[in-house]
Amino acid sequence: MTVPRIVATVDAVALLRRLAQRNGPLMMHQSGGCCDGSAPMCYPDGDFVVGDRDVLLGVLDLRLGEGETRSDPPVGADAVPVWISGSQFEAWKHTCLVLDVVPGRGSGFSLESPEGVRFLSRGRAFTPDELALLEADRPLTGRDREAGVEPAVSDVPTVVAEAADACPVPGLSP
């Protein structure tokens with residue numbers, strides 16, 4: 001079993017599909033600050049230079065719906081790699097990031113900016129069992145991808161109906 005480091009809500013996947021139809025293949029980078037705070041940023045694939053030490057959280061598969069998996073990897077506009085800086089990854093490596101969409105103005109640099117919504121990262125701490133599995137699964141870096149190393153296809157669903165499905169609020173879950 002793989003443990004995904006990134007999952008997305010149905011709304012986030014739908015927005016990514018619309019953006020891919022207009023802009024072609026996409027990529028995302030979890031920002032670590034600067035002018036746009038810590039927002040996940042969406043760019044045409046290749047428009048953001050991935051550094052050697054940036055970490056690939058995963059590749060979102062835009063062919064998937066809620067709860068679905070596939071054994072073949074996504075390609076082209078169906079594949080959205082999600083990156084985070086190496087230093088920020090070190091601070092967040094114990095956390096599964098959940099890509100969501102909320103009303104509001106997106107960043108001027110991110111493709112969703114004119115949509116009236118913005119991407120938002122939420123997080124859920126990995127369980128001790130998940131952390132043990134992740135210890136054996138070193139994340140890929142920009143250097144790895146440059147060398148042609150591809151991530152494994154997730155055998156667990158990475159699209160959830162709502163963020164609360166991936167990161168439930170303590171005390172409110174059945």
# chains A, B, ... in the order shown; residues from 1 in each chain; ligands from 1
$ residues_around --residues "Asp155 of chain A" --least-positions-apart "4" --cutoff "12 Å" --atoms "only C-alpha atoms" --output "list of chain:residue names"
A:Met1, A:Thr2, A:Val3, A:Pro4, A:Gly67, A:Glu68, A:Thr69, A:Arg70, A:Ser71, A:Asp72, A:Pro73
$ residues_around --residues "Glu130 of chain A" --least-positions-apart "2" --cutoff "12 Å" --atoms "only C-alpha atoms" --output "ChimeraX atom specification"
/A:1-5,93-96,124-128,132-137
$ closest_atom_pairs --of "segment 2-100 of chain A" --to "segment 157-165 of chain A" --cutoff "9 Å" --atoms "only C-alpha atoms" --output "JSON lines"
{"residue": "A:Pro4", "atom": "CA", "partner": "A:Thr158", "partner_atom": "CA", "distance": 7.0}
{"residue": "A:Ile6", "atom": "CA", "partner": "A:Thr158", "partner_atom": "CA", "distance": 7.2}
{"residue": "A:Val7", "atom": "CA", "partner": "A:Thr158", "partner_atom": "CA", "distance": 4.6}
{"residue": "A:Ala8", "atom": "CA", "partner": "A:Val159", "partner_atom": "CA", "distance": 5.0}
{"residue": "A:Thr9", "atom": "CA", "partner": "A:Val160", "partner_atom": "CA", "distance": 4.8}
{"residue": "A:Val10", "atom": "CA", "partner": "A:Ala161", "partner_atom": "CA", "distance": 5.2}
{"residue": "A:Asp11", "atom": "CA", "partner": "A:Ala161", "partner_atom": "CA", "distance": 7.8}
{"residue": "A:Val13", "atom": "CA", "partner": "A:Val159", "partner_atom": "CA", "distance": 7.7}
{"residue": "A:Leu60", "atom": "CA", "partner": "A:Thr158", "partner_atom": "CA", "distance": 7.6}
{"residue": "A:Asp61", "atom": "CA", "partner": "A:Thr158", "partner_atom": "CA", "distance": 8.3}
{"residue": "A:Leu64", "atom": "CA", "partner": "A:Val159", "partner_atom": "CA", "distance": 7.0}
{"residue": "A:Gly65", "atom": "CA", "partner": "A:Val159", "partner_atom": "CA", "distance": 6.2}
{"residue": "A:Glu66", "atom": "CA", "partner": "A:Val159", "partner_atom": "CA", "distance": 4.8}
{"residue": "A:Gly67", "atom": "CA", "partner": "A:Pro157", "partner_atom": "CA", "distance": 4.9}
{"residue": "A:Glu68", "atom": "CA", "partner": "A:Pro157", "partner_atom": "CA", "distance": 5.4}
{"residue": "A:Thr69", "atom": "CA", "partner": "A:Pro157", "partner_atom": "CA", "distance": 5.4}
{"residue": "A:Arg70", "atom": "CA", "partner": "A:Pro157", "partner_atom": "CA", "distance": 8.9}
{"residue": "A:Val98", "atom": "CA", "partner": "A:Ala163", "partner_atom": "CA", "distance": 6.6}
{"residue": "A:Leu99", "atom": "CA", "partner": "A:Ala163", "partner_atom": "CA", "distance": 7.9}
{"residue": "A:Asp100", "atom": "CA", "partner": "A:Ala163", "partner_atom": "CA", "distance": 6.5}
$ write_last_selection --atoms "N, CA, C and O atoms" --output "mmCIF file, in the first residue's frame"
data_model
loop_
_atom_site.group_PDB
_atom_site.id
_atom_site.type_symbol
_atom_site.label_atom_id
_atom_site.label_comp_id
_atom_site.auth_asym_id
_atom_site.auth_seq_id
_atom_site.Cartn_x
_atom_site.Cartn_y
_atom_site.Cartn_z
ATOM 1 N N PRO A 4 -0.335 8.286 0.132
ATOM 2 C CA PRO A 4 -0.195 9.528 -0.627
ATOM 3 C C PRO A 4 0.191 10.697 0.274
ATOM 4 O O PRO A 4 -0.290 10.810 1.399
ATOM 5 N N ILE A 6 -0.198 13.750 -1.017
ATOM 6 C CA ILE A 6 -1.113 14.791 -1.496
ATOM 7 C C ILE A 6 -2.409 14.118 -1.927
ATOM 8 O O ILE A 6 -2.388 13.074 -2.581
ATOM 9 N N VAL A 7 -3.524 14.685 -1.506
ATOM 10 C CA VAL A 7 -4.836 14.290 -2.004
ATOM 11 C C VAL A 7 -5.552 15.585 -2.397
ATOM 12 O O VAL A 7 -5.138 16.679 -2.007
ATOM 13 N N ALA A 8 -6.618 15.442 -3.163
ATOM 14 C CA ALA A 8 -7.346 16.626 -3.625
ATOM 15 C C ALA A 8 -8.840 16.396 -3.484
ATOM 16 O O ALA A 8 -9.320 15.261 -3.579
ATOM 17 N N THR A 9 -9.551 17.479 -3.273
ATOM 18 C CA THR A 9 -11.010 17.399 -3.233
ATOM 19 C C THR A 9 -11.551 17.350 -4.660
ATOM 20 O O THR A 9 -10.868 17.726 -5.621
ATOM 21 N N VAL A 10 -12.792 16.891 -4.768
ATOM 22 C CA VAL A 10 -13.473 16.859 -6.062
ATOM 23 C C VAL A 10 -13.477 18.260 -6.688
ATOM 24 O O VAL A 10 -13.252 18.417 -7.892
ATOM 25 N N ASP A 11 -13.723 19.289 -5.875
ATOM 26 C CA ASP A 11 -13.753 20.662 -6.395
ATOM 27 C C ASP A 11 -12.386 21.094 -6.913
ATOM 28 O O ASP A 11 -12.294 21.775 -7.943
ATOM 29 N N VAL A 13 -10.034 19.117 -8.129
ATOM 30 C CA VAL A 13 -9.800 18.385 -9.378
ATOM 31 C C VAL A 13 -10.613 19.005 -10.518
ATOM 32 O O VAL A 13 -10.117 19.170 -11.636
ATOM 33 N N LEU A 60 -1.181 14.446 -9.179
ATOM 34 C CA LEU A 60 -2.635 14.327 -9.183
ATOM 35 C C LEU A 60 -3.085 13.818 -10.546
ATOM 36 O O LEU A 60 -2.618 14.288 -11.580
ATOM 37 N N ASP A 61 -3.989 12.863 -10.540
ATOM 38 C CA ASP A 61 -4.503 12.245 -11.761
ATOM 39 C C ASP A 61 -5.889 12.822 -12.025
ATOM 40 O O ASP A 61 -6.859 12.492 -11.331
ATOM 41 N N LEU A 64 -9.330 10.839 -12.446
ATOM 42 C CA LEU A 64 -9.983 10.168 -11.324
ATOM 43 C C LEU A 64 -11.136 10.975 -10.745
ATOM 44 O O LEU A 64 -11.088 12.198 -10.700
ATOM 45 N N GLY A 65 -12.114 10.247 -10.262
ATOM 46 C CA GLY A 65 -13.189 10.823 -9.474
ATOM 47 C C GLY A 65 -13.024 10.391 -8.030
ATOM 48 O O GLY A 65 -12.082 9.666 -7.681
ATOM 49 N N GLU A 66 -13.947 10.791 -7.213
ATOM 50 C CA GLU A 66 -13.893 10.462 -5.784
ATOM 51 C C GLU A 66 -13.759 8.961 -5.568
ATOM 52 O O GLU A 66 -14.519 8.170 -6.124
ATOM 53 N N GLY A 67 -12.741 8.577 -4.781
ATOM 54 C CA GLY A 67 -12.551 7.193 -4.387
ATOM 55 C C GLY A 67 -11.984 6.268 -5.451
ATOM 56 O O GLY A 67 -11.820 5.081 -5.198
ATOM 57 N N GLU A 68 -11.684 6.772 -6.628
ATOM 58 C CA GLU A 68 -11.199 5.925 -7.720
ATOM 59 C C GLU A 68 -9.673 5.800 -7.710
ATOM 60 O O GLU A 68 -8.974 6.682 -7.213
ATOM 61 N N THR A 69 -9.190 4.702 -8.285
ATOM 62 C CA THR A 69 -7.761 4.503 -8.551
ATOM 63 C C THR A 69 -7.618 3.946 -9.957
ATOM 64 O O THR A 69 -8.587 3.446 -10.542
ATOM 65 N N ARG A 70 -6.419 4.040 -10.479
ATOM 66 C CA ARG A 70 -6.068 3.435 -11.773
ATOM 67 C C ARG A 70 -4.677 2.865 -11.640
ATOM 68 O O ARG A 70 -3.869 3.359 -10.854
ATOM 69 N N VAL A 98 -3.846 18.332 1.709
ATOM 70 C CA VAL A 98 -5.123 18.163 1.037
ATOM 71 C C VAL A 98 -5.380 19.427 0.229
ATOM 72 O O VAL A 98 -5.543 20.514 0.792
ATOM 73 N N LEU A 99 -5.381 19.297 -1.086
ATOM 74 C CA LEU A 99 -5.629 20.434 -1.966
ATOM 75 C C LEU A 99 -7.123 20.667 -2.058
ATOM 76 O O LEU A 99 -7.878 19.764 -2.432
ATOM 77 N N ASP A 100 -7.541 21.882 -1.728
ATOM 78 C CA ASP A 100 -8.955 22.230 -1.725
ATOM 79 C C ASP A 100 -9.129 23.547 -2.482
ATOM 80 O O ASP A 100 -8.142 24.198 -2.862
#
$ residues_around --residues "Leu56 of chain A" --least-positions-apart "4" --cutoff "7 Å" --atoms "only C-alpha atoms" --output "number ranges by chain"
A: 81-84, 139-141
$ residues_around --residues "Met28 of chain A" --least-positions-apart "2" --cutoff "8 Å" --atoms "only C-alpha atoms" --output "PyMOL selection string"
chain A and resi 26+30+40-43+80-83
$ write_last_selection --atoms "N, CA, C and O atoms" --output "CSV table (one decimal), in the first residue's frame"
chain,number,residue,atom,x,y,z
A,26,LEU,N,-0.5,21.1,-16.5
A,26,LEU,CA,-0.3,22.0,-15.3
A,26,LEU,C,0.7,21.4,-14.3
A,26,LEU,O,1.1,20.2,-14.4
A,30,GLN,N,3.7,24.1,-3.8
A,30,GLN,CA,3.2,24.6,-2.5
A,30,GLN,C,4.2,25.7,-2.1
A,30,GLN,O,5.4,25.5,-1.7
A,40,PRO,N,-0.9,27.2,-2.3
A,40,PRO,CA,-0.5,26.3,-3.4
A,40,PRO,C,-0.7,27.1,-4.7
A,40,PRO,O,-1.7,27.7,-4.9
A,41,MET,N,0.3,27.1,-5.5
A,41,MET,CA,0.3,27.9,-6.8
A,41,MET,C,0.2,27.0,-8.0
A,41,MET,O,0.9,25.9,-8.0
A,42,CYS,N,-0.7,27.3,-8.9
A,42,CYS,CA,-0.9,26.5,-10.1
A,42,CYS,C,-0.3,27.3,-11.3
A,42,CYS,O,-0.6,28.5,-11.5
A,43,TYR,N,0.5,26.6,-12.1
A,43,TYR,CA,1.2,27.1,-13.3
A,43,TYR,C,1.1,26.2,-14.5
A,43,TYR,O,0.9,25.0,-14.3
A,80,VAL,N,-0.9,16.2,-13.0
A,80,VAL,CA,-0.5,17.5,-12.3
A,80,VAL,C,0.5,17.2,-11.2
A,80,VAL,O,0.1,16.8,-10.1
A,81,PRO,N,1.8,17.4,-11.5
A,81,PRO,CA,2.8,17.2,-10.4
A,81,PRO,C,2.6,18.3,-9.4
A,81,PRO,O,2.4,19.5,-9.7
A,82,VAL,N,2.7,17.9,-8.1
A,82,VAL,CA,2.6,18.9,-7.0
A,82,VAL,C,3.9,18.9,-6.2
A,82,VAL,O,4.3,17.8,-5.7
A,83,TRP,N,4.6,20.0,-6.2
A,83,TRP,CA,5.9,20.2,-5.6
A,83,TRP,C,5.9,21.0,-4.4
A,83,TRP,O,5.0,21.8,-4.2
$ select_by_dssp --residues "segment 59-157 of chain A" --states "helix (DSSP H, G or I)" --output "PDB file with N, CA, C and O atoms, in the first residue's frame"
ATOM      1  N   GLY A  76       0.365  13.802 -19.830  1.00  0.00           N
ATOM      2  CA  GLY A  76      -0.086  15.055 -20.431  1.00  0.00           C
ATOM      3  C   GLY A  76      -0.895  15.888 -19.464  1.00  0.00           C
ATOM      4  O   GLY A  76      -0.552  16.028 -18.295  1.00  0.00           O
ATOM      5  N   ALA A  77      -2.008  16.432 -19.967  1.00  0.00           N
ATOM      6  CA  ALA A  77      -2.836  17.329 -19.160  1.00  0.00           C
ATOM      7  C   ALA A  77      -3.575  16.601 -18.038  1.00  0.00           C
ATOM      8  O   ALA A  77      -4.142  17.254 -17.168  1.00  0.00           O
ATOM      9  N   ASP A  78      -3.563  15.265 -18.024  1.00  0.00           N
ATOM     10  CA  ASP A  78      -4.197  14.512 -16.937  1.00  0.00           C
ATOM     11  C   ASP A  78      -3.298  14.400 -15.711  1.00  0.00           C
ATOM     12  O   ASP A  78      -3.741  13.980 -14.656  1.00  0.00           O
ATOM     13  N   GLY A  86      12.300  21.833  -0.613  1.00  0.00           N
ATOM     14  CA  GLY A  86      12.908  20.857   0.280  1.00  0.00           C
ATOM     15  C   GLY A  86      12.861  21.280   1.735  1.00  0.00           C
ATOM     16  O   GLY A  86      12.554  20.469   2.619  1.00  0.00           O
ATOM     17  N   SER A  87      13.133  22.548   1.996  1.00  0.00           N
ATOM     18  CA  SER A  87      13.120  23.010   3.390  1.00  0.00           C
ATOM     19  C   SER A  87      11.706  23.014   3.958  1.00  0.00           C
ATOM     20  O   SER A  87      11.491  22.659   5.123  1.00  0.00           O
ATOM     21  N   GLN A  88      10.728  23.385   3.148  1.00  0.00           N
ATOM     22  CA  GLN A  88       9.351  23.358   3.633  1.00  0.00           C
ATOM     23  C   GLN A  88       8.876  21.919   3.818  1.00  0.00           C
ATOM     24  O   GLN A  88       8.138  21.615   4.749  1.00  0.00           O
ATOM     25  N   PHE A  89       9.327  21.025   2.943  1.00  0.00           N
ATOM     26  CA  PHE A  89       8.962  19.615   3.088  1.00  0.00           C
ATOM     27  C   PHE A  89       9.439  19.078   4.440  1.00  0.00           C
ATOM     28  O   PHE A  89       8.721  18.331   5.114  1.00  0.00           O
ATOM     29  N   GLU A  90      10.636  19.455   4.837  1.00  0.00           N
ATOM     30  CA  GLU A  90      11.162  18.985   6.119  1.00  0.00           C
ATOM     31  C   GLU A  90      10.233  19.376   7.272  1.00  0.00           C
ATOM     32  O   GLU A  90      10.064  18.616   8.219  1.00  0.00           O
ATOM     33  N   ALA A  91       9.634  20.549   7.182  1.00  0.00           N
ATOM     34  CA  ALA A  91       8.714  20.993   8.233  1.00  0.00           C
ATOM     35  C   ALA A  91       7.355  20.299   8.141  1.00  0.00           C
ATOM     36  O   ALA A  91       6.659  20.174   9.146  1.00  0.00           O
ATOM     37  N   TRP A  92       6.978  19.849   6.940  1.00  0.00           N
ATOM     38  CA  TRP A  92       5.640  19.294   6.715  1.00  0.00           C
ATOM     39  C   TRP A  92       5.642  17.804   6.379  1.00  0.00           C
ATOM     40  O   TRP A  92       4.596  17.244   6.048  1.00  0.00           O
ATOM     41  N   SER A 113      -6.497  32.588 -10.415  1.00  0.00           N
ATOM     42  CA  SER A 113      -6.724  33.956  -9.958  1.00  0.00           C
ATOM     43  C   SER A 113      -8.003  34.596 -10.511  1.00  0.00           C
ATOM     44  O   SER A 113      -8.767  35.168  -9.748  1.00  0.00           O
ATOM     45  N   PRO A 114      -8.292  34.519 -11.813  1.00  0.00           N
ATOM     46  CA  PRO A 114      -9.515  35.168 -12.310  1.00  0.00           C
ATOM     47  C   PRO A 114     -10.802  34.374 -12.082  1.00  0.00           C
ATOM     48  O   PRO A 114     -11.882  34.829 -12.451  1.00  0.00           O
ATOM     49  N   GLU A 115     -10.730  33.222 -11.448  1.00  0.00           N
ATOM     50  CA  GLU A 115     -11.886  32.341 -11.298  1.00  0.00           C
ATOM     51  C   GLU A 115     -12.816  32.699 -10.140  1.00  0.00           C
ATOM     52  O   GLU A 115     -13.885  32.106 -10.012  1.00  0.00           O
ATOM     53  N   PRO A 128       1.067   6.904  12.971  1.00  0.00           N
ATOM     54  CA  PRO A 128       2.361   6.218  13.137  1.00  0.00           C
ATOM     55  C   PRO A 128       2.580   5.112  12.095  1.00  0.00           C
ATOM     56  O   PRO A 128       3.698   4.959  11.590  1.00  0.00           O
ATOM     57  N   ASP A 129       1.540   4.363  11.739  1.00  0.00           N
ATOM     58  CA  ASP A 129       1.682   3.316  10.722  1.00  0.00           C
ATOM     59  C   ASP A 129       2.013   3.911   9.355  1.00  0.00           C
ATOM     60  O   ASP A 129       2.843   3.380   8.614  1.00  0.00           O
ATOM     61  N   GLU A 130       1.354   5.010   9.007  1.00  0.00           N
ATOM     62  CA  GLU A 130       1.642   5.672   7.731  1.00  0.00           C
ATOM     63  C   GLU A 130       3.072   6.197   7.711  1.00  0.00           C
ATOM     64  O   GLU A 130       3.775   6.061   6.703  1.00  0.00           O
ATOM     65  N   LEU A 131       3.503   6.795   8.819  1.00  0.00           N
ATOM     66  CA  LEU A 131       4.880   7.309   8.884  1.00  0.00           C
ATOM     67  C   LEU A 131       5.891   6.189   8.710  1.00  0.00           C
ATOM     68  O   LEU A 131       6.917   6.373   8.029  1.00  0.00           O
ATOM     69  N   ALA A 132       5.619   5.026   9.269  1.00  0.00           N
ATOM     70  CA  ALA A 132       6.525   3.888   9.111  1.00  0.00           C
ATOM     71  C   ALA A 132       6.614   3.475   7.640  1.00  0.00           C
ATOM     72  O   ALA A 132       7.707   3.194   7.126  1.00  0.00           O
ATOM     73  N   LEU A 133       5.479   3.444   6.945  1.00  0.00           N
ATOM     74  CA  LEU A 133       5.486   3.113   5.518  1.00  0.00           C
ATOM     75  C   LEU A 133       6.233   4.177   4.708  1.00  0.00           C
ATOM     76  O   LEU A 133       6.967   3.859   3.770  1.00  0.00           O
ATOM     77  N   LEU A 134       6.046   5.432   5.074  1.00  0.00           N
ATOM     78  CA  LEU A 134       6.703   6.519   4.339  1.00  0.00           C
ATOM     79  C   LEU A 134       8.215   6.513   4.539  1.00  0.00           C
ATOM     80  O   LEU A 134       8.951   6.953   3.653  1.00  0.00           O
ATOM     81  N   GLU A 135       8.684   6.030   5.673  1.00  0.00           N
ATOM     82  CA  GLU A 135      10.131   5.957   5.924  1.00  0.00           C
ATOM     83  C   GLU A 135      10.833   5.132   4.857  1.00  0.00           C
ATOM     84  O   GLU A 135      11.966   5.414   4.491  1.00  0.00           O
ATOM     85  N   GLY A 142      13.511  17.159  -7.337  1.00  0.00           N
ATOM     86  CA  GLY A 142      13.675  17.705  -8.672  1.00  0.00           C
ATOM     87  C   GLY A 142      14.834  17.043  -9.404  1.00  0.00           C
ATOM     88  O   GLY A 142      14.752  16.788 -10.612  1.00  0.00           O
ATOM     89  N   ARG A 143      15.900  16.752  -8.688  1.00  0.00           N
ATOM     90  CA  ARG A 143      17.061  16.067  -9.289  1.00  0.00           C
ATOM     91  C   ARG A 143      16.658  14.688  -9.797  1.00  0.00           C
ATOM     92  O   ARG A 143      17.052  14.282 -10.892  1.00  0.00           O
ATOM     93  N   ASP A 144      15.844  13.958  -9.022  1.00  0.00           N
ATOM     94  CA  ASP A 144      15.376  12.634  -9.446  1.00  0.00           C
ATOM     95  C   ASP A 144      14.551  12.731 -10.727  1.00  0.00           C
ATOM     96  O   ASP A 144      14.740  11.952 -11.662  1.00  0.00           O
ATOM     97  N   ARG A 145      13.633  13.672 -10.756  1.00  0.00           N
ATOM     98  CA  ARG A 145      12.777  13.816 -11.954  1.00  0.00           C
ATOM     99  C   ARG A 145      13.599  14.214 -13.174  1.00  0.00           C
ATOM    100  O   ARG A 145      13.347  13.745 -14.273  1.00  0.00           O
ATOM    101  N   GLU A 146      14.593  15.069 -12.956  1.00  0.00           N
ATOM    102  CA  GLU A 146      15.477  15.471 -14.064  1.00  0.00           C
ATOM    103  C   GLU A 146      16.205  14.248 -14.629  1.00  0.00           C
ATOM    104  O   GLU A 146      16.471  14.173 -15.823  1.00  0.00           O
TER     105      GLU A 146
END
$ atom_distance --atom1 "atom CA of Leu57 of chain A" --atom2 "atom CA of Gly116 of chain A"
26.1 Å
$ atom_distance --atom1 "atom CA of Arg118 of chain A" --atom2 "atom CA of Leu19 of chain A"
12.3 Å
